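Chemist: The structure's right below; bear with me while I get my questions together.
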Amino acid sequence: MSAKKTERLLNLVICLLATRRYLSVQQIRAAVPGYESDSEESFRRMFERDKDELRELGVPLETGTDARAHDDEPGYRIARSSYELPEVVLEPDEAAALGLAARLWQSAPLAGATGSALLKLQAAGISVSPVGGALEPRVAASEPAFDACYRAVRDRKPVTFPYRAAGANIPSWRRVEPWGVVSWHGRWYLVGHDEDRGAGRVFRLSRVSGDVVTWDAPAPVVVPPGLNLRAMVASMTGELLLSTAVVRVREGSCWALRAEATGTRPGASDGPDAGWDELDLGYSDPERLADRVAGFGADAVVLSPPDAREAVLVRLEASL
Amino acid sequence: MSPPKARRREVADLPRLLALVPYLLARPGVSFAEVSSVFGVSETRLRKDLELLWVCGLPGHGPGDLIDIEFEGPTITLLEPAGVTRPLRLTSDEALALVVALRALAETPGLTERDALDRVLVKIEEVAGAAAEAAERVEVAVEGEERVLPVVEQALAAGRRLHLRYHVPGRDETTERDVDPIRVVLVGGRPYLEAWCRRAEGLRTFRLDRVVALELLDLPAEVPPGLPRRDLSAGLFQASLDHERVELRLGPQAQWVADHYPCEQIHEDWDGMMRVVLRTPSTDWVVRLVLRLGGAVQVLSPVELSEQVRAQARSALQGYVQG
């Protein structure tokens, strides 16, 4: 069964590629083996499904009528120029770079799309070495919501999904016109216009707590020109460091804080400050500064500002 | 009725055959082994593909109209392509997958391949045309490492040993060690070095932004032969049953912990609290996490760990009383 259908579709592609004129449905039926079924009606149904499958694969079926044709029913053809992959030549280092990039995607649908894209390029005569160097880029999209969000972004269609915001117990429904999807620090985010809040928002895909429903809107979603997706995600997940806190850290400890410090002053060699250093740390939100410092326990003490000091105290007391 | 799975395969066969014809046309006398490895099919499947192609062709289907292939021996030669001389254009998924991947790597600071990646990107964008339009809306940010990554790539290319000064955040210390580099893996948007650590006599993974300093040594790298190749696609952290079992209770403010760390079990309680079980070789970081989230996380087990958290909190509070 399966081979028969593949054979029929392949013959159909070959037939429509070979013709310059539009072929009527009846001409196609006579020319392509496999359409000799019992009734006109079942042939029509079969042909409709075949057209859909070819279009899904990206085969550019053209519809039209020739001036000379006697009947009004449209005919079909495939224009060679829009079917064929244009000429492309890669230098050896470029082919290696393509092989490297082709290893990036770890999960469907983009891993599969990479595989079929490479087949087409190799069919165009390019040699892509399957084994790259000692560098392995890997991007997974394991969030269940990725597939639907990706497709909505690609097709510019609005979506609705239940979303559990940070700190919220119960998910709420969001209606979003998607602008893009971004992988940032290994996590996927959907960026788009939140219709209920009337503003651009960033959603972490791992917090989408149910099915993503895609809508057929009358017009495709309009992405604001000049939008910087990455900056939107960065500004939501990161913070601007506007103020400076002073934190006392024990010698030989708190390496993560030392790496972020804008200034480091060693403590006195004797007296109460011996064995401690003072660090200047950029921050904007005292609560987030407290998050960074509290984990170091007795090895780090916030000296200023007082609100960050208080925020650390609250955390430590709650851990007792 | 065929099951849905068999239906999907039908669609996949056609694009493979449409690529196979021009592929063979460009490579007369190519071996069965090579074609089946490139196309990811068995040699039996490939033979079936060729037998199917052989009966397809131009309308009329006379001897001169059919696709003609010689494949009696170990090699394949395509004599007549019946007009299928070029592969089909890239679909938007295919164009996007390549363009977004190339862009992500081409923008990664410190990668020595950036120049070649840039050039391929231009060519692929040109070939893809309008199909690459949606690639503007999908982005992968990869953090580079301009200081460390080029030296590591140099060591890998030359097969040389590296000396690392490395910061271990879990234990809050920096360590000195010689390592023999094996590969660089970009996971979660960050570069990591996998290497044979001569100090630990074992396979170790180093996050490049935690390398405090490094030196390319004038010694050859000696990676023990026959090391198992770890599959890192599921993430760098691989939990093991030998590791300590830690059970935490997460309040709403701390539920990101369940997203962030690989949990063995996740259970949502009726009151909106979450209970998670994870396995870890070292519990130092758990203590830091609990202190940092003060109250939003509670250690349920082991008991010694919750004692440790309380002891650390008490001693940390001393610092504020005196200061």
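Note on naming: chains are A, B, ... as they come in the structure tokens, residues start from 1 per chain, ligands start from 1 in the order shown.
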Would you pick out the contacts of Ser282 in chain B at 9 Å or less, using only C-alpha atoms, so that residues sharing its chain but fewer than 4 positions from it are not included, and give the list as a count of residues only?
Modeler: 5
Chemist: So that I can see what lies close to Ala200 in chain B, please list as a list of chain:residue names the residues with an atom at most 12 Å from it, counting only C-alpha atoms and leaving out residues fewer than 5 positions away in the same chain.
Modeler: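 Those residues are B:Thr175, B:Glu176, B:Arg177, B:Asp178, B:Val179, B:Asp180, B:Ala195, B:Thr205.
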Chemist: From the DSSP assignment of the backbone, select every residue of range 64-105 of chain A that is strand (DSSP E), and format the answer as a count of residues only.
Modeler: 5
Chemist: Under the rule that only C-alpha atoms are counted, which of A:Asp72, A:Glu177, A:Asp299, A:Glu195 is the nearest residue to chain B?
Modeler: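 Residue with the minimum atom-to-atom distance to chain B: A:Asp299.
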Chemist: Run DSSP on the backbone and grab whatever in range 73-137 of chain A lands in helix (DSSP H, G or I); send it over as a ChimeraX atom specification.
Modeler: /A:80-83,92-101,110-123
Chemist: Would you save the residues of that selection, restricted to C-alpha atoms, as an mmCIF file, in the first residue's frame?
Modeler:
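selection_25.cif was written with the following content:
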```cif
data_model
loop_
_atom_site.group_PDB
_atom_site.id
_atom_site.type_symbol
_atom_site.label_atom_id
_atom_site.label_comp_id
_atom_site.auth_asym_id
_atom_site.auth_seq_id
_atom_site.Cartn_x
_atom_site.Cartn_y
_atom_site.Cartn_z
ATOM 1 C CA ARG A 80 11.073 23.986 -12.321
ATOM 2 C CA SER A 81 12.508 27.315 -11.126
ATOM 3 C CA SER A 82 10.411 27.342 -7.981
ATOM 4 C CA TYR A 83 10.842 23.595 -7.353
ATOM 5 C CA PRO A 92 35.684 22.697 2.841
ATOM 6 C CA ASP A 93 35.770 24.836 6.012
ATOM 7 C CA GLU A 94 32.231 26.028 5.251
ATOM 8 C CA ALA A 95 31.000 22.451 4.832
ATOM 9 C CA ALA A 96 32.601 21.622 8.199
ATOM 10 C CA ALA A 97 30.920 24.662 9.792
ATOM 11 C CA LEU A 98 27.562 23.538 8.370
ATOM 12 C CA GLY A 99 28.179 20.060 9.798
ATOM 13 C CA LEU A 100 28.868 21.676 13.172
ATOM 14 C CA ALA A 101 25.684 23.767 13.105
ATOM 15 C CA LEU A 110 14.001 20.979 14.275
ATOM 16 C CA ALA A 111 16.367 17.993 14.518
ATOM 17 C CA GLY A 112 14.296 16.221 11.860
ATOM 18 C CA ALA A 113 14.135 19.333 9.684
ATOM 19 C CA THR A 114 17.937 19.640 9.901
ATOM 20 C CA GLY A 115 18.318 16.050 8.718
ATOM 21 C CA SER A 116 16.091 16.493 5.679
ATOM 22 C CA ALA A 117 17.711 19.864 4.849
ATOM 23 C CA LEU A 118 21.154 18.222 4.871
ATOM 24 C CA LEU A 119 19.903 15.475 2.551
ATOM 25 C CA LYS A 120 18.753 18.104 0.058
ATOM 26 C CA LEU A 121 22.084 19.943 0.229
ATOM 27 C CA GLN A 122 23.979 16.695 -0.229
ATOM 28 C CA ALA A 123 21.706 15.856 -3.150
#
```
Chemist: Please measure the separation of CA of Gly58 in chain A and CA of Pro225 in chain A, giving the value in Å to one decimal.
Modeler: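 The value is 27.6 Å.
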Chemist: For range 125-128 of chain B, list every protein, DNA or RNA residue within 9 Å, evaluated using only C-alpha atoms, and leave out those in the same chain fewer than 4 positions away; present the list as a short mmCIF file (atom, residue, chain, number, x, y, z; two decimals) with N, CA and C atoms, in the first residue's frame.
Modeler:
```
data_model
loop_
_atom_site.label_atom_id
_atom_site.label_comp_id
_atom_site.auth_asym_id
_atom_site.auth_seq_id
_atom_site.Cartn_x
_atom_site.Cartn_y
_atom_site.Cartn_z
N LEU A 85 16.20 23.48 -5.83
CA LEU A 85 17.12 24.16 -4.92
C LEU A 85 18.17 24.87 -5.77
N PRO A 86 18.39 26.18 -5.54
CA PRO A 86 19.39 26.87 -6.36
C PRO A 86 20.79 26.29 -6.16
N GLU A 87 21.67 26.60 -7.09
CA GLU A 87 23.06 26.15 -7.01
C GLU A 87 23.71 26.68 -5.73
N VAL A 88 24.50 25.85 -5.09
CA VAL A 88 25.25 26.31 -3.92
C VAL A 88 26.55 25.52 -3.84
N ARG B 89 13.49 22.52 -3.12
CA ARG B 89 13.89 23.63 -2.26
C ARG B 89 13.69 23.30 -0.78
N LEU B 90 14.32 24.07 0.09
CA LEU B 90 14.16 23.86 1.53
C LEU B 90 12.76 24.32 1.95
N THR B 91 12.15 23.56 2.86
CA THR B 91 10.89 24.00 3.45
C THR B 91 11.20 25.06 4.51
N SER B 92 10.17 25.72 5.06
CA SER B 92 10.47 26.76 6.03
C SER B 92 11.05 26.16 7.32
N GLU B 94 13.00 23.50 7.46
CA GLU B 94 14.38 23.14 7.15
C GLU B 94 15.28 24.37 7.11
N ALA B 95 14.79 25.43 6.42
CA ALA B 95 15.58 26.65 6.30
C ALA B 95 15.81 27.25 7.69
N LEU B 96 14.74 27.25 8.49
CA LEU B 96 14.83 27.84 9.82
C LEU B 96 15.80 27.05 10.70
N VAL B 99 19.35 27.99 9.50
CA VAL B 99 19.72 29.40 9.66
C VAL B 99 19.83 29.77 11.14
N VAL B 120 28.86 30.50 5.48
CA VAL B 120 27.82 29.52 5.16
C VAL B 120 26.45 30.13 5.36
N LEU B 121 26.33 30.91 6.43
CA LEU B 121 25.04 31.52 6.74
C LEU B 121 24.54 32.33 5.55
N ALA B 132 13.30 31.20 4.62
CA ALA B 132 14.02 31.50 5.85
C ALA B 132 13.39 32.67 6.61
N GLU B 133 12.26 33.16 6.12
CA GLU B 133 11.64 34.35 6.71
C GLU B 133 11.35 34.17 8.21
#
```
Chemist: With distances taken over only C-alpha atoms, which of A:Val213, A:Ala145, A:Leu135, A:Ile170 is nearest to Lys157 in chain A?
Modeler: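 The shortest atom-to-atom distance to Lys157 in chain A comes from A:Val213.
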Chemist: For a test of reading the model, state the distance in Å between CA of Val139 in chain A and CA of Pro109 in chain A, rounded to one decimal.
Modeler: 12.2 Å
Chemist: Just the residues within 12 Å of range 61-66 of chain A, please, counting only C-alpha atoms, with nothing from its chain fewer than 6 positions along; format it as a ChimeraX atom specification.
Modeler: /A:12-13,15-17,19-25,50-55,72-83
Chemist: Excluding same-chain residues fewer than 2 positions from Ala231 in chain A, what lies within 12 Å of it counting only C-alpha atoms, as a list in words?
Modeler: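 The contact residues come out as Val182, Ser183, Trp184, Val191, Val202, Gly226, Leu227, Asn228, Leu229, Val233, Ala234, Ser235, Met236, Thr237, Gly238 and Glu239 of chain A; Glu139 and Ala141 of chain B.
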Chemist: Restricting it to N, CA and C atoms, dump the selection as a PDB file, in the first residue's frame.
Modeler:
```
ATOM      1  N   VAL A 182      12.633  32.135  22.008  1.00  0.00           N
ATOM      2  CA  VAL A 182      14.054  32.376  22.272  1.00  0.00           C
ATOM      3  C   VAL A 182      14.563  31.338  23.265  1.00  0.00           C
ATOM      4  N   SER A 183      15.711  30.756  22.958  1.00  0.00           N
ATOM      5  CA  SER A 183      16.380  29.880  23.922  1.00  0.00           C
ATOM      6  C   SER A 183      17.432  30.717  24.633  1.00  0.00           C
ATOM      7  N   TRP A 184      17.291  30.814  25.948  1.00  0.00           N
ATOM      8  CA  TRP A 184      18.171  31.688  26.733  1.00  0.00           C
ATOM      9  C   TRP A 184      18.645  30.887  27.942  1.00  0.00           C
ATOM     10  N   VAL A 191       7.935  35.066  23.382  1.00  0.00           N
ATOM     11  CA  VAL A 191       7.789  36.510  23.496  1.00  0.00           C
ATOM     12  C   VAL A 191       6.595  36.907  22.649  1.00  0.00           C
ATOM     13  N   VAL A 202       7.024  38.199  28.255  1.00  0.00           N
ATOM     14  CA  VAL A 202       7.891  37.046  28.032  1.00  0.00           C
ATOM     15  C   VAL A 202       7.367  35.894  28.881  1.00  0.00           C
ATOM     16  N   GLY A 226      11.900  45.854  14.112  1.00  0.00           N
ATOM     17  CA  GLY A 226      13.057  46.213  14.928  1.00  0.00           C
ATOM     18  C   GLY A 226      13.027  45.620  16.324  1.00  0.00           C
ATOM     19  N   LEU A 227      12.132  44.663  16.531  1.00  0.00           N
ATOM     20  CA  LEU A 227      12.018  44.056  17.852  1.00  0.00           C
ATOM     21  C   LEU A 227      13.290  43.265  18.179  1.00  0.00           C
ATOM     22  N   ASN A 228      13.820  43.414  19.394  1.00  0.00           N
ATOM     23  CA  ASN A 228      14.976  42.642  19.814  1.00  0.00           C
ATOM     24  C   ASN A 228      14.516  41.572  20.812  1.00  0.00           C
ATOM     25  N   LEU A 229      14.264  40.375  20.290  1.00  0.00           N
ATOM     26  CA  LEU A 229      13.711  39.293  21.118  1.00  0.00           C
ATOM     27  C   LEU A 229      14.635  38.974  22.281  1.00  0.00           C
ATOM     28  N   VAL A 233      13.990  39.065  26.474  1.00  0.00           N
ATOM     29  CA  VAL A 233      14.142  37.940  27.400  1.00  0.00           C
ATOM     30  C   VAL A 233      15.200  38.277  28.446  1.00  0.00           C
ATOM     31  N   ALA A 234      16.300  38.891  27.997  1.00  0.00           N
ATOM     32  CA  ALA A 234      17.372  39.217  28.925  1.00  0.00           C
ATOM     33  C   ALA A 234      16.890  40.187  29.992  1.00  0.00           C
ATOM     34  N   SER A 235      16.066  41.166  29.582  1.00  0.00           N
ATOM     35  CA  SER A 235      15.650  42.168  30.559  1.00  0.00           C
ATOM     36  C   SER A 235      14.656  41.568  31.545  1.00  0.00           C
ATOM     37  N   MET A 236      13.939  40.498  31.102  1.00  0.00           N
ATOM     38  CA  MET A 236      13.029  39.874  32.052  1.00  0.00           C
ATOM     39  C   MET A 236      13.769  38.963  33.007  1.00  0.00           C
ATOM     40  N   THR A 237      14.781  38.269  32.497  1.00  0.00           N
ATOM     41  CA  THR A 237      15.429  37.280  33.338  1.00  0.00           C
ATOM     42  C   THR A 237      16.623  37.856  34.096  1.00  0.00           C
ATOM     43  N   GLY A 238      17.234  38.901  33.554  1.00  0.00           N
ATOM     44  CA  GLY A 238      18.413  39.435  34.215  1.00  0.00           C
ATOM     45  C   GLY A 238      18.055  40.655  35.020  1.00  0.00           C
ATOM     46  N   GLU A 239      19.041  41.389  35.468  1.00  0.00           N
ATOM     47  CA  GLU A 239      18.745  42.644  36.130  1.00  0.00           C
ATOM     48  C   GLU A 239      19.818  43.667  35.788  1.00  0.00           C
TER      49      GLU A 239
ATOM     50  N   GLU B 139      15.276  32.365  18.072  1.00  0.00           N
ATOM     51  CA  GLU B 139      16.634  32.752  18.406  1.00  0.00           C
ATOM     52  C   GLU B 139      17.197  31.865  19.511  1.00  0.00           C
ATOM     53  N   ALA B 141      20.340  31.893  22.102  1.00  0.00           N
ATOM     54  CA  ALA B 141      21.466  32.661  22.633  1.00  0.00           C
ATOM     55  C   ALA B 141      22.490  31.695  23.208  1.00  0.00           C
TER      56      ALA B 141
END
```
Chemist: Could you check which of A:Ser319, A:Gln106, A:Asn169, A:Thr160 is closest to Pro137 in chain A, using only C-alpha atoms?
Modeler: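 Among A:Ser319, A:Gln106, A:Asn169, A:Thr160, it is A:Gln106 that comes nearest to Pro137 in chain A.
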Chemist: To one decimal in Å, tell me the separation between CA of Asp49 in chain B and CA of Leu17 in chain B.
Modeler: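 Value for the CA of Asp49 in chain B-CA of Leu17 in chain B distance: 7.1 Å.
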Chemist: Name the residues in contact with Ser31 in chain B at a cut-off of 12 Å, using only C-alpha atoms, excluding same-chain residues fewer than 5 positions from it; report them as a list in words.
Modeler: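 Residues near the query, excluding close chain neighbours: Leu24, Ser36, Ser37, Val38, Glu43, Leu46, Arg47, Glu70, Phe71, Glu72, Gly73, Pro74, Thr75, Ile76 and Thr77 of chain B.
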Chemist: Applying 9 Å and only C-alpha atoms, which residues near range 293-299 of chain B remain after dropping the ones on its own chain fewer than 3 positions away? List them as JSON, numbers by chain.
Modeler: {"A": [291, 294, 295, 312, 314, 315, 316, 317, 318, 319, 320], "B": [246, 247, 248, 249, 250, 251, 252, 253, 254, 255, 286, 288, 289, 290, 302, 303, 305, 306, 309]}
Chemist: Which residue, A:Val222, A:Ala108, A:Ala102, A:Val128, has the smallest gap to Leu105 in chain B when you use only C-alpha atoms?
Modeler: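 Once distances to Leu105 in chain B are computed over only C-alpha atoms, the minimum belongs to A:Ala102.
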Chemist: Could you produce a table of the residues of range 137-193 of chain B lying within 8 Å of range 106-109 of chain B, with the nearest pair of atoms per residue and their separation in Å rounded to one decimal, using only C-alpha atoms, ordered by chain and increasing residue number, as CSV?
Modeler:
```
residue,atom,partner,partner_atom,distance
B:Val142,CA,B:Thr108,CA,5.9
B:Glu143,CA,B:Thr108,CA,6.3
B:Gly144,CA,B:Pro109,CA,4.4
B:Glu145,CA,B:Pro109,CA,6.0
B:Glu146,CA,B:Pro109,CA,5.6
```
